[in-house]
file my_file00.tsv (TSV, N, CA and C atoms)
chain	number	residue	atom	x	y	z
B	10	MET	N	0.84	-1.17	0.00
B	10	MET	CA	0.00	0.00	0.00
B	10	MET	C	0.89	1.25	0.00
B	11	SER	N	0.53	2.20	-0.83
B	11	SER	CA	1.30	3.43	-0.94
B	11	SER	C	0.96	4.39	0.19
B	12	ARG	N	1.94	5.12	0.65
B	12	ARG	CA	1.72	6.10	1.71
B	12	ARG	C	1.78	7.53	1.18
B	13	PHE	N	1.66	7.66	-0.12
B	13	PHE	CA	1.69	9.00	-0.72
B	13	PHE	C	0.80	9.02	-1.94
B	14	GLU	N	0.44	10.22	-2.34
B	14	GLU	CA	-0.36	10.40	-3.55
B	14	GLU	C	0.59	10.47	-4.74
B	15	PRO	N	0.22	9.86	-5.87
B	15	PRO	CA	1.06	10.00	-7.06
B	15	PRO	C	1.07	11.46	-7.51
B	16	VAL	N	2.15	11.87	-8.15
B	16	VAL	CA	2.29	13.25	-8.60
B	16	VAL	C	1.08	13.66	-9.44
B	17	GLU	N	0.57	12.76	-10.29
B	17	GLU	CA	-0.56	13.08	-11.15
B	17	GLU	C	-1.81	13.45	-10.35
B	18	ALA	N	-1.93	12.92	-9.16
B	18	ALA	CA	-3.09	13.22	-8.32
B	18	ALA	C	-2.98	14.60	-7.67
B	19	LEU	N	-1.77	15.10	-7.54
B	19	LEU	CA	-1.56	16.36	-6.86
B	19	LEU	C	-1.28	17.52	-7.81
B	20	ASP	N	-0.71	17.24	-8.97
B	20	ASP	CA	-0.35	18.29	-9.92
B	20	ASP	C	-1.15	18.10	-11.20
B	21	GLY	N	-2.24	18.82	-11.32
B	21	GLY	CA	-3.10	18.69	-12.48
B	21	GLY	C	-2.85	19.73	-13.55
B	22	GLY	N	-1.67	20.35	-13.53
B	22	GLY	CA	-1.36	21.38	-14.51
B	22	GLY	C	-1.91	22.73	-14.07
B	23	ASP	N	-1.89	23.66	-15.00
B	23	ASP	CA	-2.27	25.04	-14.67
B	23	ASP	C	-3.69	25.16	-14.13
B	24	ASP	N	-4.63	24.39	-14.69
B	24	ASP	CA	-6.02	24.50	-14.23
B	24	ASP	C	-6.48	23.28	-13.44
B	25	GLY	N	-5.58	22.33	-13.19
B	25	GLY	CA	-5.91	21.16	-12.40
B	25	GLY	C	-6.64	20.06	-13.14
B	26	LEU	N	-6.78	20.19	-14.47
B	26	LEU	CA	-7.58	19.23	-15.23
B	26	LEU	C	-6.78	18.39	-16.22
B	27	ASP	N	-5.46	18.41	-16.14
B	27	ASP	CA	-4.64	17.66	-17.09
B	27	ASP	C	-4.98	16.17	-17.13
B	28	LEU	N	-5.10	15.54	-15.97
B	28	LEU	CA	-5.39	14.11	-15.93
B	28	LEU	C	-6.79	13.82	-16.47
B	29	ILE	N	-7.75	14.68	-16.16
B	29	ILE	CA	-9.11	14.49	-16.66
B	29	ILE	C	-9.12	14.61	-18.18
B	30	ARG	N	-8.37	15.57	-18.73
B	30	ARG	CA	-8.26	15.69	-20.19
B	30	ARG	C	-7.70	14.40	-20.79
B	31	ARG	N	-6.64	13.89	-20.17
B	31	ARG	CA	-6.01	12.66	-20.68
B	31	ARG	C	-6.98	11.49	-20.67
B	32	VAL	N	-7.69	11.34	-19.56
B	32	VAL	CA	-8.66	10.24	-19.46
B	32	VAL	C	-9.74	10.38	-20.52
B	33	MET	N	-10.27	11.59	-20.70
B	33	MET	CA	-11.32	11.79	-21.71
B	33	MET	C	-10.80	11.52	-23.12
B	34	ASN	N	-9.56	11.94	-23.39
B	34	ASN	CA	-8.99	11.70	-24.72
B	34	ASN	C	-8.78	10.22	-25.01
B	35	GLU	N	-8.50	9.43	-23.99
B	35	GLU	CA	-8.24	8.01	-24.17
B	35	GLU	C	-9.49	7.15	-24.00
B	36	ALA	N	-10.58	7.74	-23.57
B	36	ALA	CA	-11.79	6.98	-23.26
B	36	ALA	C	-12.33	6.21	-24.45
B	37	GLY	N	-12.26	6.79	-25.62
B	37	GLY	CA	-12.81	6.13	-26.80
B	37	GLY	C	-12.19	4.78	-27.11
B	38	VAL	N	-10.93	4.61	-26.82
B	38	VAL	CA	-10.26	3.34	-27.09
B	38	VAL	C	-10.18	2.44	-25.86
B	39	ARG	N	-10.54	2.95	-24.72
B	39	ARG	CA	-10.43	2.15	-23.50
B	39	ARG	C	-11.77	1.68	-22.93
B	40	LEU	N	-12.83	2.45	-23.18
B	40	LEU	CA	-14.13	2.08	-22.64
B	40	LEU	C	-14.84	1.08	-23.56
B	41	SER	N	-15.58	0.19	-22.96
B	41	SER	CA	-16.46	-0.69	-23.74
B	41	SER	C	-17.61	0.15	-24.28
B	42	PRO	N	-18.23	-0.31	-25.37
B	42	PRO	CA	-19.39	0.42	-25.89
B	42	PRO	C	-20.43	0.64	-24.77
B	43	GLY	N	-20.91	1.85	-24.66
B	43	GLY	CA	-21.86	2.17	-23.60
B	43	GLY	C	-21.23	2.44	-22.25
B	44	GLY	N	-19.88	2.37	-22.18
B	44	GLY	CA	-19.18	2.61	-20.92
B	44	GLY	C	-19.34	4.04	-20.46
B	45	ARG	N	-19.09	4.27	-19.18
B	45	ARG	CA	-19.25	5.60	-18.59
B	45	ARG	C	-18.02	6.01	-17.82
B	46	LEU	N	-17.82	7.31	-17.74
B	46	LEU	CA	-16.77	7.90	-16.91
B	46	LEU	C	-17.42	8.66	-15.78
B	47	PHE	N	-16.85	8.58	-14.61
B	47	PHE	CA	-17.30	9.36	-13.46
B	47	PHE	C	-16.08	10.07	-12.89
B	48	PHE	N	-16.24	11.36	-12.62
B	48	PHE	CA	-15.17	12.14	-12.02
B	48	PHE	C	-15.69	12.84	-10.78
B	49	GLU	N	-14.85	12.93	-9.77
B	49	GLU	CA	-15.10	13.85	-8.66
B	49	GLU	C	-14.06	14.94	-8.82
B	50	VAL	N	-14.52	16.17	-8.96
B	50	VAL	CA	-13.62	17.28	-9.26
B	50	VAL	C	-13.56	18.26	-8.10
B	51	GLY	N	-12.54	19.07	-8.11
B	51	GLY	CA	-12.36	20.07	-7.07
B	51	GLY	C	-13.38	21.19	-7.17
B	52	GLU	N	-13.50	21.92	-6.10
B	52	GLU	CA	-14.42	23.05	-6.06
B	52	GLU	C	-14.09	24.02	-7.19
B	53	GLY	N	-15.10	24.40	-7.96
B	53	GLY	CA	-14.92	25.33	-9.06
B	53	GLY	C	-14.49	24.71	-10.37
B	54	GLN	N	-14.33	23.37	-10.42
B	54	GLN	CA	-13.88	22.71	-11.65
B	54	GLN	C	-15.00	22.01	-12.42
B	55	ALA	N	-16.19	21.95	-11.89
B	55	ALA	CA	-17.26	21.16	-12.51
B	55	ALA	C	-17.63	21.69	-13.90
B	56	ASP	N	-17.82	22.98	-14.04
B	56	ASP	CA	-18.20	23.53	-15.34
B	56	ASP	C	-17.09	23.34	-16.38
B	57	ARG	N	-15.84	23.56	-15.97
B	57	ARG	CA	-14.73	23.37	-16.91
B	57	ARG	C	-14.59	21.91	-17.31
B	58	THR	N	-14.81	21.00	-16.37
B	58	THR	CA	-14.73	19.57	-16.69
B	58	THR	C	-15.84	19.19	-17.67
B	59	ALA	N	-17.05	19.65	-17.42
B	59	ALA	CA	-18.17	19.36	-18.33
B	59	ALA	C	-17.88	19.91	-19.72
B	60	GLY	N	-17.21	21.05	-19.79
B	60	GLY	CA	-16.88	21.65	-21.07
B	60	GLY	C	-15.84	20.88	-21.87
B	61	LEU	N	-15.15	19.95	-21.24
B	61	LEU	CA	-14.16	19.13	-21.93
B	61	LEU	C	-14.79	17.98	-22.71
B	62	ALA	N	-16.04	17.70	-22.44
B	62	ALA	CA	-16.72	16.59	-23.12
B	62	ALA	C	-16.88	16.92	-24.59
B	63	LYS	N	-16.37	16.01	-25.45
B	63	LYS	CA	-16.42	16.21	-26.90
B	63	LYS	C	-16.67	14.87	-27.58
B	64	GLY	N	-17.15	14.94	-28.80
B	64	GLY	CA	-17.35	13.72	-29.58
B	64	GLY	C	-18.31	12.77	-28.90
B	65	ASP	N	-17.84	11.55	-28.64
B	65	ASP	CA	-18.68	10.52	-28.01
B	65	ASP	C	-18.83	10.71	-26.51
B	66	ILE	N	-18.04	11.60	-25.92
B	66	ILE	CA	-18.13	11.85	-24.48
B	66	ILE	C	-19.22	12.89	-24.26
B	67	ILE	N	-20.24	12.52	-23.54
B	67	ILE	CA	-21.40	13.39	-23.30
B	67	ILE	C	-21.50	13.66	-21.80
B	68	HIS	N	-21.59	14.94	-21.45
B	68	HIS	CA	-21.78	15.28	-20.04
B	68	HIS	C	-23.25	15.08	-19.71
B	69	GLU	N	-23.53	14.19	-18.77
B	69	GLU	CA	-24.92	13.91	-18.40
B	69	GLU	C	-25.39	14.69	-17.20
B	70	ALA	N	-24.55	14.84	-16.18
B	70	ALA	CA	-25.02	15.48	-14.96
B	70	ALA	C	-23.86	15.90	-14.07
B	71	THR	N	-24.11	16.91	-13.27
B	71	THR	CA	-23.20	17.32	-12.20
B	71	THR	C	-23.99	17.21	-10.91
B	72	ARG	N	-23.39	16.62	-9.92
B	72	ARG	CA	-24.06	16.45	-8.63
B	72	ARG	C	-23.39	17.33	-7.59
B	73	LYS	N	-24.12	17.69	-6.56
B	73	LYS	CA	-23.57	18.47	-5.45
B	73	LYS	C	-23.14	17.54	-4.32
B	74	ASP	N	-22.06	17.93	-3.64
B	74	ASP	CA	-21.66	17.16	-2.47
B	74	ASP	C	-22.51	17.61	-1.27
B	75	LEU	N	-22.23	17.06	-0.10
B	75	LEU	CA	-23.05	17.38	1.07
B	75	LEU	C	-22.92	18.83	1.51
B	76	ALA	N	-21.86	19.52	1.08
B	76	ALA	CA	-21.70	20.93	1.41
B	76	ALA	C	-22.32	21.84	0.35
B	77	GLY	N	-22.87	21.22	-0.70
B	77	GLY	CA	-23.52	22.00	-1.75
B	77	GLY	C	-22.63	22.41	-2.90
B	78	PHE	N	-21.40	21.89	-2.95
B	78	PHE	CA	-20.48	22.21	-4.04
B	78	PHE	C	-20.67	21.23	-5.20
B	79	ASP	N	-20.61	21.74	-6.43
B	79	ASP	CA	-20.67	20.88	-7.60
B	79	ASP	C	-19.42	20.01	-7.64
B	80	ARG	N	-19.64	18.73	-7.82
B	80	ARG	CA	-18.53	17.78	-7.88
B	80	ARG	C	-18.65	16.93	-9.12
call {"tool": "encode", "arguments": {"input": "my_file00.tsv", "output": "structure tokens"}}
result
Amino acid sequence: MSRFEPVEALDGGDDGLDLIRRVMNEAGVRLSPGGRLFFEVGEGQADRTAGLAKGDIIHEATRKDLAGFDR
């Protein structure tokens, strides 16, 4: 078991969404037909993450956490 977070989990680039971009870009070749992606994003990142959906990736919903923040 690791006792630290991988660098990718802590450094998401200038806007914090580098890893999410990478996952979305690779989803077409990695997901089974009808497969889904789920992300939990940081405060203030939900709209930008939804805006990254392109092509076969469709943003279906954003949910609020218990504090009322979009995640």
call {"tool": "residues_around", "arguments": {"input": "my_file00.tsv", "residues": "B:Gly60", "least_positions_apart": "3", "cutoff": "12 Å", "atoms": "only C-alpha atoms", "output": "JSON, numbers by chain"}}
result
{"B": [26, 29, 30, 33, 54, 55, 56, 57, 63, 64, 66, 67, 68, 69, 70, 71]}
call {"tool": "residues_near_point", "arguments": {"input": "my_file00.tsv", "point": "(-13.2, 14.0, -11.8)", "cutoff": "8 Å", "atoms": "all atoms listed in the file", "output": "PyMOL selection string"}}
result
chain B and resi 28-29+46-51+58+80
call {"tool": "axis_aligned_box", "arguments": {"input": "my_file00.tsv", "around": "stretch 58-77 of chain B", "padding_each_side": "5 Å", "output": "AutoDock Vina command-line options"}}
result
--center_x -19.8 --center_y 16.5 --center_z -14.0 --size_x 21.2 --size_y 21.9 --size_z 41.1
call {"tool": "select_by_dssp", "arguments": {"input": "my_file00.tsv", "residues": "chain B", "states": "alpha helix (DSSP H)", "output": "ChimeraX atom specification"}}
result
/B:16-19,27-39,55-60
call {"tool": "write_last_selection", "arguments": {"input": "my_file00.tsv", "atoms": "N, CA and C atoms", "output": "JSON list (two decimals), in the frame of the given file"}}
result
[["chain", "number", "residue", "atom", "x", "y", "z"],
["B", 16, "VAL", "N", 2.15, 11.87, -8.15],
["B", 16, "VAL", "CA", 2.29, 13.25, -8.60],
["B", 16, "VAL", "C", 1.08, 13.66, -9.44],
["B", 17, "GLU", "N", 0.57, 12.76, -10.29],
["B", 17, "GLU", "CA", -0.56, 13.08, -11.15],
["B", 17, "GLU", "C", -1.81, 13.45, -10.35],
["B", 18, "ALA", "N", -1.93, 12.92, -9.16],
["B", 18, "ALA", "CA", -3.09, 13.22, -8.32],
["B", 18, "ALA", "C", -2.98, 14.60, -7.67],
["B", 19, "LEU", "N", -1.77, 15.10, -7.54],
["B", 19, "LEU", "CA", -1.56, 16.36, -6.86],
["B", 19, "LEU", "C", -1.28, 17.52, -7.81],
["B", 27, "ASP", "N", -5.46, 18.41, -16.14],
["B", 27, "ASP", "CA", -4.64, 17.66, -17.09],
["B", 27, "ASP", "C", -4.98, 16.17, -17.13],
["B", 28, "LEU", "N", -5.10, 15.54, -15.97],
["B", 28, "LEU", "CA", -5.39, 14.11, -15.93],
["B", 28, "LEU", "C", -6.79, 13.82, -16.47],
["B", 29, "ILE", "N", -7.75, 14.68, -16.16],
["B", 29, "ILE", "CA", -9.11, 14.49, -16.66],
["B", 29, "ILE", "C", -9.12, 14.61, -18.18],
["B", 30, "ARG", "N", -8.37, 15.57, -18.73],
["B", 30, "ARG", "CA", -8.26, 15.69, -20.19],
["B", 30, "ARG", "C", -7.70, 14.40, -20.79],
["B", 31, "ARG", "N", -6.64, 13.89, -20.17],
["B", 31, "ARG", "CA", -6.01, 12.66, -20.68],
["B", 31, "ARG", "C", -6.98, 11.49, -20.67],
["B", 32, "VAL", "N", -7.69, 11.34, -19.56],
["B", 32, "VAL", "CA", -8.66, 10.24, -19.46],
["B", 32, "VAL", "C", -9.74, 10.38, -20.52],
["B", 33, "MET", "N", -10.27, 11.59, -20.70],
["B", 33, "MET", "CA", -11.32, 11.79, -21.71],
["B", 33, "MET", "C", -10.80, 11.52, -23.12],
["B", 34, "ASN", "N", -9.56, 11.94, -23.39],
["B", 34, "ASN", "CA", -8.99, 11.70, -24.72],
["B", 34, "ASN", "C", -8.78, 10.22, -25.01],
["B", 35, "GLU", "N", -8.50, 9.43, -23.99],
["B", 35, "GLU", "CA", -8.24, 8.01, -24.17],
["B", 35, "GLU", "C", -9.49, 7.15, -24.00],
["B", 36, "ALA", "N", -10.58, 7.74, -23.57],
["B", 36, "ALA", "CA", -11.79, 6.98, -23.26],
["B", 36, "ALA", "C", -12.33, 6.21, -24.45],
["B", 37, "GLY", "N", -12.26, 6.79, -25.62],
["B", 37, "GLY", "CA", -12.81, 6.13, -26.80],
["B", 37, "GLY", "C", -12.19, 4.78, -27.11],
["B", 38, "VAL", "N", -10.93, 4.61, -26.82],
["B", 38, "VAL", "CA", -10.26, 3.34, -27.09],
["B", 38, "VAL", "C", -10.18, 2.44, -25.86],
["B", 39, "ARG", "N", -10.54, 2.95, -24.72],
["B", 39, "ARG", "CA", -10.43, 2.15, -23.50],
["B", 39, "ARG", "C", -11.77, 1.68, -22.93],
["B", 55, "ALA", "N", -16.19, 21.95, -11.89],
["B", 55, "ALA", "CA", -17.26, 21.16, -12.51],
["B", 55, "ALA", "C", -17.63, 21.69, -13.90],
["B", 56, "ASP", "N", -17.82, 22.98, -14.04],
["B", 56, "ASP", "CA", -18.20, 23.53, -15.34],
["B", 56, "ASP", "C", -17.09, 23.34, -16.38],
["B", 57, "ARG", "N", -15.84, 23.56, -15.97],
["B", 57, "ARG", "CA", -14.73, 23.37, -16.91],
["B", 57, "ARG", "C", -14.59, 21.91, -17.31],
["B", 58, "THR", "N", -14.81, 21.00, -16.37],
["B", 58, "THR", "CA", -14.73, 19.57, -16.69],
["B", 58, "THR", "C", -15.84, 19.19, -17.67],
["B", 59, "ALA", "N", -17.05, 19.65, -17.42],
["B", 59, "ALA", "CA", -18.17, 19.36, -18.33],
["B", 59, "ALA", "C", -17.88, 19.91, -19.72],
["B", 60, "GLY", "N", -17.21, 21.05, -19.79],
["B", 60, "GLY", "CA", -16.88, 21.65, -21.07],
["B", 60, "GLY", "C", -15.84, 20.88, -21.87]]
call {"tool": "closest_residue", "arguments": {"input": "my_file00.tsv", "among": "B:Glu52, B:Leu40, B:Glu14, B:Ala62", "to": "B:Asp79", "atoms": "only C-alpha atoms"}}
result
B:Glu52
call {"tool": "atom_distance", "arguments": {"input": "my_file00.tsv", "atom1": "atom C of B:Asp23", "atom2": "atom N of B:Gly53"}}
result
13.0 Å
call {"tool": "atom_distance", "arguments": {"input": "my_file00.tsv", "atom1": "atom C of B:Arg72", "atom2": "atom C of B:Ala36"}}
result
23.0 Å
call {"tool": "atom_distance", "arguments": {"input": "my_file00.tsv", "atom1": "atom N of B:Lys73", "atom2": "atom N of B:Leu19"}}
result
22.5 Å
call {"tool": "build_atoms", "arguments": {"input": "my_file00.tsv", "residues": "stretch 15-26 of chain B", "atoms": "all heavy atoms", "output": "compact mmCIF listing (two decimals), in the frame of the given file"}}
result
# COMPACT_ATOMS: atom_id res chain seq x y z
N PRO B 15 0.22 9.86 -5.87
CA PRO B 15 1.06 10.00 -7.06
C PRO B 15 1.07 11.46 -7.51
O PRO B 15 0.11 12.21 -7.29
CB PRO B 15 0.37 9.12 -8.10
CG PRO B 15 -0.87 8.60 -7.49
CD PRO B 15 -0.93 9.02 -6.07
N VAL B 16 2.15 11.87 -8.15
CA VAL B 16 2.29 13.25 -8.60
C VAL B 16 1.08 13.66 -9.44
O VAL B 16 0.58 14.77 -9.32
CB VAL B 16 3.59 13.42 -9.41
CG1 VAL B 16 3.66 14.80 -10.05
CG2 VAL B 16 4.79 13.20 -8.51
N GLU B 17 0.57 12.76 -10.29
CA GLU B 17 -0.56 13.08 -11.15
C GLU B 17 -1.81 13.45 -10.35
O GLU B 17 -2.66 14.18 -10.83
CB GLU B 17 -0.89 11.90 -12.08
CG GLU B 17 0.20 11.58 -13.07
CD GLU B 17 1.28 10.65 -12.51
OE1 GLU B 17 1.19 10.24 -11.33
OE2 GLU B 17 2.22 10.36 -13.24
N ALA B 18 -1.93 12.92 -9.16
CA ALA B 18 -3.09 13.22 -8.32
C ALA B 18 -2.98 14.60 -7.67
O ALA B 18 -3.98 15.18 -7.29
CB ALA B 18 -3.26 12.16 -7.24
N LEU B 19 -1.77 15.10 -7.54
CA LEU B 19 -1.56 16.36 -6.86
C LEU B 19 -1.28 17.52 -7.81
O LEU B 19 -1.55 18.66 -7.48
CB LEU B 19 -0.40 16.23 -5.87
CG LEU B 19 -0.58 15.16 -4.80
CD1 LEU B 19 0.68 15.02 -3.99
CD2 LEU B 19 -1.76 15.50 -3.91
N ASP B 20 -0.71 17.24 -8.97
CA ASP B 20 -0.35 18.29 -9.92
C ASP B 20 -1.15 18.10 -11.20
O ASP B 20 -0.77 17.31 -12.06
CB ASP B 20 1.15 18.26 -10.21
CG ASP B 20 1.57 19.36 -11.18
OD1 ASP B 20 0.74 20.24 -11.49
OD2 ASP B 20 2.72 19.33 -11.61
N GLY B 21 -2.24 18.82 -11.32
CA GLY B 21 -3.10 18.69 -12.48
C GLY B 21 -2.85 19.73 -13.55
O GLY B 21 -3.71 19.99 -14.38
N GLY B 22 -1.67 20.35 -13.53
CA GLY B 22 -1.36 21.38 -14.51
C GLY B 22 -1.91 22.73 -14.07
O GLY B 22 -2.34 22.91 -12.94
N ASP B 23 -1.89 23.66 -15.00
CA ASP B 23 -2.27 25.04 -14.67
C ASP B 23 -3.69 25.16 -14.13
O ASP B 23 -3.96 25.95 -13.23
CB ASP B 23 -2.13 25.95 -15.89
CG ASP B 23 -0.67 26.17 -16.26
OD1 ASP B 23 0.20 26.00 -15.39
OD2 ASP B 23 -0.41 26.50 -17.43
N ASP B 24 -4.63 24.39 -14.69
CA ASP B 24 -6.02 24.50 -14.23
C ASP B 24 -6.48 23.28 -13.44
O ASP B 24 -7.64 23.19 -13.05
CB ASP B 24 -6.96 24.74 -15.41
CG ASP B 24 -6.99 23.58 -16.40
OD1 ASP B 24 -6.25 22.59 -16.21
OD2 ASP B 24 -7.75 23.68 -17.38
N GLY B 25 -5.58 22.33 -13.19
CA GLY B 25 -5.91 21.16 -12.40
C GLY B 25 -6.64 20.06 -13.14
O GLY B 25 -7.05 19.08 -12.55
N LEU B 26 -6.78 20.19 -14.47
CA LEU B 26 -7.58 19.23 -15.23
C LEU B 26 -6.78 18.39 -16.22
O LEU B 26 -7.36 17.70 -17.05
CB LEU B 26 -8.70 19.98 -15.97
CG LEU B 26 -9.67 20.76 -15.08
CD1 LEU B 26 -10.67 21.54 -15.93
CD2 LEU B 26 -10.39 19.85 -14.12
